[in-house]
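Peer 1: Supplied structure: run.cif, mmCIF, N, CA and C atoms.
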data_target
loop_
_atom_site.label_atom_id
_atom_site.label_comp_id
_atom_site.auth_asym_id
_atom_site.auth_seq_id
_atom_site.Cartn_x
_atom_site.Cartn_y
_atom_site.Cartn_z
N MET A 220 41.19 -33.08 -77.35
CA MET A 220 40.17 -34.11 -77.44
C MET A 220 38.81 -33.45 -77.64
N GLU A 221 38.10 -33.86 -78.68
CA GLU A 221 36.80 -33.29 -78.97
C GLU A 221 35.72 -33.93 -78.11
N LYS A 222 34.71 -33.12 -77.78
CA LYS A 222 33.60 -33.64 -77.00
C LYS A 222 32.60 -34.32 -77.92
N THR A 223 31.92 -35.30 -77.36
CA THR A 223 30.86 -35.94 -78.13
C THR A 223 29.64 -35.03 -78.14
N ILE A 224 28.70 -35.34 -78.99
CA ILE A 224 27.47 -34.55 -79.08
C ILE A 224 26.72 -34.58 -77.75
N GLU A 225 26.70 -35.71 -77.10
CA GLU A 225 25.99 -35.84 -75.82
C GLU A 225 26.64 -34.97 -74.74
N GLU A 226 27.98 -34.94 -74.70
CA GLU A 226 28.67 -34.10 -73.73
C GLU A 226 28.39 -32.62 -73.98
N THR A 227 28.36 -32.24 -75.25
CA THR A 227 28.06 -30.85 -75.62
C THR A 227 26.64 -30.49 -75.20
N LYS A 228 25.68 -31.39 -75.45
CA LYS A 228 24.29 -31.15 -75.05
C LYS A 228 24.18 -30.98 -73.54
N GLN A 229 24.94 -31.78 -72.78
CA GLN A 229 24.91 -31.66 -71.32
C GLN A 229 25.44 -30.29 -70.89
N ASP A 230 26.51 -29.82 -71.54
CA ASP A 230 27.05 -28.50 -71.21
C ASP A 230 26.01 -27.42 -71.45
N PHE A 231 25.31 -27.48 -72.59
CA PHE A 231 24.29 -26.48 -72.89
C PHE A 231 23.14 -26.57 -71.89
N GLN A 232 22.80 -27.77 -71.46
CA GLN A 232 21.71 -27.93 -70.49
C GLN A 232 22.09 -27.25 -69.17
N VAL A 233 23.34 -27.40 -68.74
CA VAL A 233 23.80 -26.75 -67.51
C VAL A 233 23.71 -25.24 -67.66
N ILE A 234 24.16 -24.71 -68.79
CA ILE A 234 24.10 -23.26 -69.03
C ILE A 234 22.65 -22.80 -69.04
N GLU A 235 21.75 -23.55 -69.69
CA GLU A 235 20.33 -23.18 -69.71
C GLU A 235 19.76 -23.11 -68.30
N ASN A 236 20.09 -24.08 -67.47
CA ASN A 236 19.58 -24.10 -66.10
C ASN A 236 20.08 -22.90 -65.31
N ILE A 237 21.34 -22.55 -65.48
CA ILE A 237 21.90 -21.40 -64.76
C ILE A 237 21.17 -20.13 -65.20
N ASN A 238 21.01 -19.93 -66.51
CA ASN A 238 20.34 -18.73 -67.01
C ASN A 238 18.88 -18.67 -66.58
N THR A 239 18.19 -19.79 -66.59
CA THR A 239 16.78 -19.81 -66.19
C THR A 239 16.63 -19.47 -64.72
N GLU A 240 17.48 -20.04 -63.87
CA GLU A 240 17.39 -19.76 -62.45
C GLU A 240 17.66 -18.28 -62.17
N GLU A 241 18.62 -17.71 -62.85
CA GLU A 241 18.94 -16.30 -62.64
C GLU A 241 17.78 -15.43 -63.11
N TYR A 242 17.16 -15.79 -64.24
CA TYR A 242 16.07 -15.00 -64.80
C TYR A 242 14.83 -15.04 -63.91
N GLU A 243 14.59 -16.18 -63.28
CA GLU A 243 13.39 -16.32 -62.45
C GLU A 243 13.41 -15.39 -61.24
N LYS A 244 14.58 -14.95 -60.80
CA LYS A 244 14.68 -14.02 -59.67
C LYS A 244 14.25 -12.61 -60.06
N ASP A 245 14.40 -12.26 -61.34
CA ASP A 245 14.14 -10.90 -61.79
C ASP A 245 12.65 -10.68 -62.03
N GLU A 246 12.21 -9.46 -61.75
CA GLU A 246 10.84 -9.04 -62.03
C GLU A 246 10.89 -8.11 -63.24
N VAL A 247 10.19 -8.46 -64.31
CA VAL A 247 10.22 -7.67 -65.54
C VAL A 247 8.83 -7.14 -65.82
N THR A 248 8.75 -5.83 -66.08
CA THR A 248 7.49 -5.24 -66.53
C THR A 248 7.77 -4.53 -67.84
N SER A 249 6.79 -4.57 -68.73
CA SER A 249 6.93 -3.94 -70.04
C SER A 249 5.79 -2.96 -70.24
N ARG A 250 6.10 -1.86 -70.92
CA ARG A 250 5.08 -0.88 -71.26
C ARG A 250 5.56 -0.05 -72.44
N ILE A 251 4.66 0.72 -73.00
CA ILE A 251 4.99 1.61 -74.10
C ILE A 251 4.78 3.04 -73.61
N ILE A 252 5.84 3.84 -73.73
CA ILE A 252 5.77 5.24 -73.31
C ILE A 252 6.27 6.09 -74.48
N ASP A 253 5.43 6.98 -74.96
CA ASP A 253 5.79 7.85 -76.08
C ASP A 253 6.29 7.06 -77.28
N ARG A 254 5.60 5.98 -77.62
CA ARG A 254 5.92 5.10 -78.75
C ARG A 254 7.27 4.41 -78.61
N VAL A 255 7.76 4.26 -77.39
CA VAL A 255 9.01 3.56 -77.12
C VAL A 255 8.68 2.35 -76.25
N TYR A 256 9.16 1.16 -76.67
CA TYR A 256 8.95 -0.05 -75.89
C TYR A 256 9.93 -0.04 -74.72
N VAL A 257 9.40 -0.15 -73.51
CA VAL A 257 10.22 -0.05 -72.31
C VAL A 257 10.07 -1.33 -71.50
N ASN A 258 11.22 -1.94 -71.16
CA ASN A 258 11.26 -3.08 -70.25
C ASN A 258 12.00 -2.64 -69.00
N VAL A 259 11.37 -2.84 -67.85
CA VAL A 259 11.99 -2.50 -66.58
C VAL A 259 12.16 -3.79 -65.79
N THR A 260 13.40 -4.06 -65.40
CA THR A 260 13.74 -5.28 -64.68
C THR A 260 14.32 -4.91 -63.32
N THR A 261 13.89 -5.64 -62.29
CA THR A 261 14.50 -5.44 -60.97
C THR A 261 15.29 -6.70 -60.61
N LYS A 262 16.46 -6.50 -60.07
CA LYS A 262 17.34 -7.63 -59.71
C LYS A 262 16.88 -8.36 -58.46
N ASP A 263 16.18 -7.65 -57.57
CA ASP A 263 15.79 -8.28 -56.31
C ASP A 263 14.41 -8.93 -56.36
N GLY A 264 13.75 -8.90 -57.53
CA GLY A 264 12.45 -9.54 -57.68
C GLY A 264 11.29 -8.70 -57.20
N SER A 265 11.53 -7.48 -56.74
CA SER A 265 10.44 -6.63 -56.26
C SER A 265 9.77 -5.93 -57.44
N GLU A 266 8.64 -5.31 -57.18
CA GLU A 266 7.93 -4.55 -58.19
C GLU A 266 8.74 -3.30 -58.55
N PRO A 267 8.95 -3.02 -59.85
CA PRO A 267 9.73 -1.84 -60.23
C PRO A 267 9.09 -0.54 -59.75
N GLN A 268 9.88 0.31 -59.13
CA GLN A 268 9.41 1.61 -58.63
C GLN A 268 10.07 2.71 -59.45
N ILE A 269 9.50 2.98 -60.63
CA ILE A 269 10.04 4.02 -61.50
C ILE A 269 8.86 4.70 -62.20
N SER A 270 8.88 6.01 -62.21
CA SER A 270 7.75 6.75 -62.77
C SER A 270 7.88 6.91 -64.28
N ASP A 271 6.78 7.18 -64.94
CA ASP A 271 6.79 7.44 -66.38
C ASP A 271 7.62 8.68 -66.70
N GLU A 272 7.59 9.66 -65.83
CA GLU A 272 8.38 10.88 -66.07
C GLU A 272 9.88 10.56 -66.07
N GLU A 273 10.31 9.71 -65.15
CA GLU A 273 11.72 9.34 -65.11
C GLU A 273 12.10 8.57 -66.37
N ILE A 274 11.22 7.69 -66.82
CA ILE A 274 11.48 6.93 -68.05
C ILE A 274 11.54 7.88 -69.24
N ARG A 275 10.67 8.88 -69.28
CA ARG A 275 10.71 9.88 -70.37
C ARG A 275 12.05 10.63 -70.38
N GLU A 276 12.59 10.89 -69.22
CA GLU A 276 13.89 11.57 -69.15
C GLU A 276 15.00 10.67 -69.70
N TYR A 277 14.94 9.35 -69.43
CA TYR A 277 15.92 8.43 -69.99
C TYR A 277 15.79 8.36 -71.52
N ILE A 278 14.56 8.38 -72.02
CA ILE A 278 14.34 8.39 -73.48
C ILE A 278 14.90 9.68 -74.07
N LYS A 279 14.64 10.80 -73.42
CA LYS A 279 15.16 12.09 -73.89
C LYS A 279 16.69 12.07 -73.91
N ARG A 280 17.30 11.52 -72.86
CA ARG A 280 18.76 11.42 -72.77
C ARG A 280 19.30 10.58 -73.93
N GLY A 281 18.64 9.47 -74.23
CA GLY A 281 19.08 8.61 -75.33
C GLY A 281 19.00 9.31 -76.67
N ASN A 282 17.94 10.08 -76.88
CA ASN A 282 17.81 10.82 -78.13
C ASN A 282 18.85 11.92 -78.25
N LEU A 283 19.20 12.55 -77.12
CA LEU A 283 20.23 13.59 -77.15
C LEU A 283 21.62 13.02 -77.40
N LYS A 284 21.90 11.85 -76.83
CA LYS A 284 23.22 11.23 -76.99
C LYS A 284 23.39 10.60 -78.37
N ASN A 285 22.30 10.35 -79.07
CA ASN A 285 22.34 9.72 -80.39
C ASN A 285 21.54 10.58 -81.37
N PRO A 286 22.10 11.71 -81.80
CA PRO A 286 21.33 12.69 -82.58
C PRO A 286 20.94 12.23 -83.99
N TYR A 287 21.59 11.20 -84.54
CA TYR A 287 21.30 10.78 -85.91
C TYR A 287 20.32 9.63 -86.00
N THR A 288 19.73 9.27 -84.88
CA THR A 288 18.76 8.18 -84.86
C THR A 288 17.73 8.45 -83.76
N VAL A 289 16.81 7.51 -83.57
CA VAL A 289 15.74 7.67 -82.59
C VAL A 289 15.69 6.44 -81.70
N VAL A 290 15.39 6.64 -80.43
CA VAL A 290 15.24 5.52 -79.50
C VAL A 290 13.91 4.82 -79.77
N HIS A 291 13.99 3.51 -80.08
CA HIS A 291 12.79 2.70 -80.29
C HIS A 291 12.47 1.83 -79.08
N GLY A 292 13.50 1.48 -78.34
CA GLY A 292 13.31 0.61 -77.18
C GLY A 292 14.27 1.01 -76.07
N LEU A 293 13.85 0.69 -74.86
CA LEU A 293 14.64 1.05 -73.68
C LEU A 293 14.54 -0.09 -72.68
N ASP A 294 15.70 -0.59 -72.24
CA ASP A 294 15.75 -1.61 -71.20
C ASP A 294 16.41 -1.00 -69.97
N LEU A 295 15.69 -1.02 -68.87
CA LEU A 295 16.21 -0.51 -67.60
C LEU A 295 16.31 -1.67 -66.62
N VAL A 296 17.48 -1.81 -66.00
CA VAL A 296 17.68 -2.83 -64.98
C VAL A 296 17.95 -2.10 -63.68
N LEU A 297 17.03 -2.26 -62.73
CA LEU A 297 17.15 -1.60 -61.43
C LEU A 297 17.82 -2.55 -60.45
N ASP A 298 18.90 -2.07 -59.86
CA ASP A 298 19.63 -2.86 -58.89
C ASP A 298 19.94 -1.96 -57.70
N GLY A 299 19.00 -1.89 -56.77
CA GLY A 299 19.13 -0.97 -55.65
C GLY A 299 19.02 0.46 -56.16
N LYS A 300 20.06 1.26 -55.90
CA LYS A 300 20.06 2.64 -56.38
C LYS A 300 20.71 2.78 -57.76
N ASP A 301 21.26 1.70 -58.29
CA ASP A 301 21.90 1.73 -59.60
C ASP A 301 20.89 1.37 -60.69
N ILE A 302 21.06 2.00 -61.85
CA ILE A 302 20.21 1.71 -63.00
C ILE A 302 21.10 1.47 -64.21
N GLU A 303 20.92 0.31 -64.84
CA GLU A 303 21.62 -0.01 -66.07
C GLU A 303 20.69 0.33 -67.23
N ILE A 304 21.17 1.12 -68.19
CA ILE A 304 20.33 1.59 -69.29
C ILE A 304 20.86 1.02 -70.60
N SER A 305 19.96 0.41 -71.38
CA SER A 305 20.30 -0.07 -72.72
C SER A 305 19.28 0.48 -73.70
N TYR A 306 19.76 1.07 -74.78
CA TYR A 306 18.89 1.66 -75.79
C TYR A 306 18.82 0.77 -77.02
N ASP A 307 17.63 0.66 -77.60
CA ASP A 307 17.43 0.03 -78.89
C ASP A 307 17.17 1.18 -79.86
N LEU A 308 18.11 1.40 -80.77
CA LEU A 308 18.04 2.56 -81.65
C LEU A 308 17.55 2.16 -83.04
N ALA A 309 16.81 3.07 -83.67
CA ALA A 309 16.36 2.86 -85.03
C ALA A 309 17.57 2.91 -85.95
N PRO A 310 17.51 2.20 -87.06
CA PRO A 310 18.63 2.28 -88.00
C PRO A 310 18.83 3.73 -88.47
N ALA A 311 20.08 4.15 -88.49
CA ALA A 311 20.39 5.51 -88.94
C ALA A 311 20.35 5.56 -90.46
N PRO A 312 19.80 6.62 -91.01
CA PRO A 312 19.80 6.74 -92.47
C PRO A 312 21.22 6.80 -93.00
N PHE A 313 21.44 6.15 -94.10
CA PHE A 313 22.78 6.06 -94.67
C PHE A 313 22.76 6.63 -96.07
N ASP A 314 23.59 7.62 -96.33
CA ASP A 314 23.70 8.20 -97.66
C ASP A 314 24.94 7.63 -98.34
N ARG A 315 24.72 7.15 -99.54
CA ARG A 315 25.83 6.63 -100.32
C ARG A 315 26.59 7.81 -100.92
N ILE A 316 27.90 7.80 -100.78
CA ILE A 316 28.72 8.85 -101.34
C ILE A 316 29.68 8.22 -102.34
N ARG A 317 29.73 8.80 -103.53
CA ARG A 317 30.61 8.30 -104.57
C ARG A 317 31.52 9.42 -105.05
N ARG A 318 32.62 9.01 -105.62
CA ARG A 318 33.51 10.00 -106.23
C ARG A 318 33.21 10.00 -107.73
N ILE A 319 32.62 11.08 -108.20
CA ILE A 319 32.26 11.20 -109.61
C ILE A 319 32.90 12.47 -110.14
N THR A 320 33.64 12.32 -111.19
CA THR A 320 34.32 13.44 -111.86
C THR A 320 35.07 14.34 -110.88
N GLY A 321 35.72 13.72 -109.92
CA GLY A 321 36.54 14.49 -109.01
C GLY A 321 35.82 15.06 -107.80
N TYR A 322 34.51 14.81 -107.69
CA TYR A 322 33.75 15.35 -106.58
C TYR A 322 33.17 14.21 -105.75
N LEU A 323 33.12 14.40 -104.44
CA LEU A 323 32.43 13.44 -103.58
C LEU A 323 30.97 13.87 -103.50
N VAL A 324 30.09 13.01 -104.00
CA VAL A 324 28.67 13.38 -104.06
C VAL A 324 27.81 12.21 -103.60
N GLY A 325 26.62 12.54 -103.14
CA GLY A 325 25.63 11.52 -102.81
C GLY A 325 24.68 11.32 -103.98
N THR A 326 24.21 12.42 -104.56
CA THR A 326 23.32 12.35 -105.72
C THR A 326 23.75 13.41 -106.73
N MET A 327 23.26 13.25 -107.94
CA MET A 327 23.61 14.19 -109.00
C MET A 327 22.44 15.10 -109.33
N ASP A 328 21.43 15.14 -108.48
CA ASP A 328 20.21 15.88 -108.81
C ASP A 328 20.42 17.40 -108.88
N ARG A 329 21.48 17.93 -108.30
CA ARG A 329 21.70 19.38 -108.34
C ARG A 329 22.78 19.79 -109.34
N TRP A 330 23.22 18.85 -110.16
CA TRP A 330 24.25 19.15 -111.14
C TRP A 330 23.65 19.84 -112.36
N ASN A 331 24.46 20.69 -113.00
CA ASN A 331 24.00 21.31 -114.24
C ASN A 331 24.19 20.32 -115.40
N ASP A 332 23.72 20.71 -116.59
CA ASP A 332 23.74 19.80 -117.74
C ASP A 332 25.16 19.41 -118.14
N ALA A 333 26.12 20.33 -118.04
CA ALA A 333 27.49 20.03 -118.43
C ALA A 333 28.10 18.96 -117.53
N LYS A 334 27.91 19.08 -116.23
CA LYS A 334 28.47 18.10 -115.29
C LYS A 334 27.77 16.74 -115.46
N THR A 335 26.48 16.74 -115.71
CA THR A 335 25.73 15.49 -115.94
C THR A 335 26.24 14.81 -117.20
N SER A 336 26.50 15.60 -118.25
CA SER A 336 27.03 15.06 -119.49
C SER A 336 28.42 14.47 -119.28
N GLU A 337 29.25 15.15 -118.49
CA GLU A 337 30.59 14.65 -118.18
C GLU A 337 30.52 13.30 -117.49
N GLU A 338 29.58 13.15 -116.56
CA GLU A 338 29.42 11.87 -115.85
C GLU A 338 28.95 10.78 -116.81
N ALA A 339 28.06 11.13 -117.74
CA ALA A 339 27.54 10.14 -118.69
C ALA A 339 28.63 9.66 -119.65
N ASP A 340 29.59 10.53 -119.97
CA ASP A 340 30.66 10.19 -120.91
C ASP A 340 31.79 9.40 -120.26
N ARG A 341 31.78 9.26 -118.96
CA ARG A 341 32.85 8.54 -118.26
C ARG A 341 32.89 7.08 -118.67
N VAL A 342 34.07 6.50 -118.63
CA VAL A 342 34.20 5.06 -118.83
C VAL A 342 33.95 4.40 -117.49
N LYS A 343 32.96 3.54 -117.46
CA LYS A 343 32.59 2.87 -116.22
C LYS A 343 33.32 1.52 -116.15
N HIS A 344 34.02 1.31 -115.07
CA HIS A 344 34.79 0.07 -114.88
C HIS A 344 34.00 -0.86 -113.99
N SER A 345 34.04 -2.13 -114.34
CA SER A 345 33.33 -3.11 -113.52
C SER A 345 34.34 -3.83 -112.63
N VAL A 346 33.84 -4.39 -111.58
CA VAL A 346 34.67 -5.14 -110.64
C VAL A 346 34.21 -6.59 -110.70
N ASN A 347 35.12 -7.47 -111.03
CA ASN A 347 34.78 -8.90 -111.10
C ASN A 347 35.25 -9.56 -109.81
N LEU A 348 34.32 -10.09 -109.08
CA LEU A 348 34.67 -10.76 -107.82
C LEU A 348 34.54 -12.24 -107.95
#
Kindly return the structure encoded in the file as structure tokens.

Peer 2:
Amino acid sequence: MEKTIEETKQDFQVIENINTEEYEKDEVTSRIIDRVYVNVTTKDGSEPQISDEEIREYIKRGNLKNPYTVVHGLDLVLDGKDIEISYDLAPAPFDRIRRITGYLVGTMDRWNDAKTSEEADRVKHSVNL
């Protein structure tokens, strides 16, 4: 049995109220440290007690664990002695790799004239979708 639009709206209203009540208990502070946006949330509603040096160490840890990108944002949730860490990472650069004349290559800029000519003489097939 499908719900009516009104019943669905009521369900969403209940969910909104639950989420709002839970969020109002948390204390959130935001700052920028070393060009990284940092949000610190405490579960008990108290003022966050975390130093900039500790936050810098979490940023450093994120950069070490993700060597092909950079940490742009950091969300820390303090719950007593536990800390939940979420990183917002910059998009990783992506190199396109193609198979051309039997070689897997990203670009042809380092090819000699003979290999470039071979690629130009290839029959190029199209894909109709």

Peer 1: Hey, can you check how far atom N of Lys284 in chain A sits from atom N of Ile316 in chain A?

Peer 2: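 Rounded to one decimal, the two atoms are 25.0 Å apart.
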
Peer 1: If we count all atoms listed in the file and set the cut-off at 8 Å, which residues sit around range 274-282 of chain A, ignoring sequence neighbours fewer than 5 positions away in its own chain? Please answer as a PyMOL selection string.

Peer 2: chain A and resi 252-253+269+287-290+292-293+306

Peer 1: Let's have the selection written as a JSON list (two decimals), in the frame of the given file, with N, CA and C atoms.

Peer 2:
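Okay, this is what ended up in part_14.json:
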[["chain", "number", "residue", "atom", "x", "y", "z"],
["A", 252, "ILE", "N", 5.84, 3.84, -73.73],
["A", 252, "ILE", "CA", 5.77, 5.24, -73.31],
["A", 252, "ILE", "C", 6.27, 6.09, -74.48],
["A", 253, "ASP", "N", 5.43, 6.98, -74.96],
["A", 253, "ASP", "CA", 5.79, 7.85, -76.08],
["A", 253, "ASP", "C", 6.29, 7.06, -77.28],
["A", 269, "ILE", "N", 9.50, 2.98, -60.63],
["A", 269, "ILE", "CA", 10.04, 4.02, -61.50],
["A", 269, "ILE", "C", 8.86, 4.70, -62.20],
["A", 287, "TYR", "N", 21.59, 11.20, -84.54],
["A", 287, "TYR", "CA", 21.30, 10.78, -85.91],
["A", 287, "TYR", "C", 20.32, 9.63, -86.00],
["A", 288, "THR", "N", 19.73, 9.27, -84.88],
["A", 288, "THR", "CA", 18.76, 8.18, -84.86],
["A", 288, "THR", "C", 17.73, 8.45, -83.76],
["A", 289, "VAL", "N", 16.81, 7.51, -83.57],
["A", 289, "VAL", "CA", 15.74, 7.67, -82.59],
["A", 289, "VAL", "C", 15.69, 6.44, -81.70],
["A", 290, "VAL", "N", 15.39, 6.64, -80.43],
["A", 290, "VAL", "CA", 15.24, 5.52, -79.50],
["A", 290, "VAL", "C", 13.91, 4.82, -79.77],
["A", 292, "GLY", "N", 13.50, 1.48, -78.34],
["A", 292, "GLY", "CA", 13.31, 0.61, -77.18],
["A", 292, "GLY", "C", 14.27, 1.01, -76.07],
["A", 293, "LEU", "N", 13.85, 0.69, -74.86],
["A", 293, "LEU", "CA", 14.64, 1.05, -73.68],
["A", 293, "LEU", "C", 14.54, -0.09, -72.68],
["A", 306, "TYR", "N", 19.76, 1.07, -74.78],
["A", 306, "TYR", "CA", 18.89, 1.66, -75.79],
["A", 306, "TYR", "C", 18.82, 0.77, -77.02]]

Peer 1: Between A:Val296, A:Ala339, A:Leu323, A:Ile304, which residue has the minimum interatomic distance to Asn258 in chain A, considering only N, CA and C atoms?

Peer 2: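 Looking at the shortest contact to Asn258 in chain A, the residue is A:Val296.
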
Peer 1: When you draw a straight line from atom N of Lys262 in chain A to atom C of Thr248 in chain A, how long is it in Å?

Peer 2: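 Separation between atom N of Lys262 in chain A and atom C of Thr248 in chain A: 11.8 Å.
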
Peer 1: Write down as a PyMOL selection string the residues belonging to range 233-327 of chain A that are assigned helix (DSSP H, G or I) by DSSP computed on the backbone.

Peer 2: chain A and resi 233-244+271-284

Peer 1: Calculate how many Å separate CA of Val257 in chain A from CA of Asp301 in chain A, rounding to one decimal.

Peer 2: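 CA of Asp301 in chain A lies 17.4 Å from CA of Val257 in chain A.
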
Peer 1: List the spatial neighbours of Glu246 in chain A as a VMD selection string - criterion: any atom at most 6 Å away, all atoms listed in the file, same-chain residues fewer than 2 positions off excluded.

Peer 2: chain A and resid 244 248 259 to 265
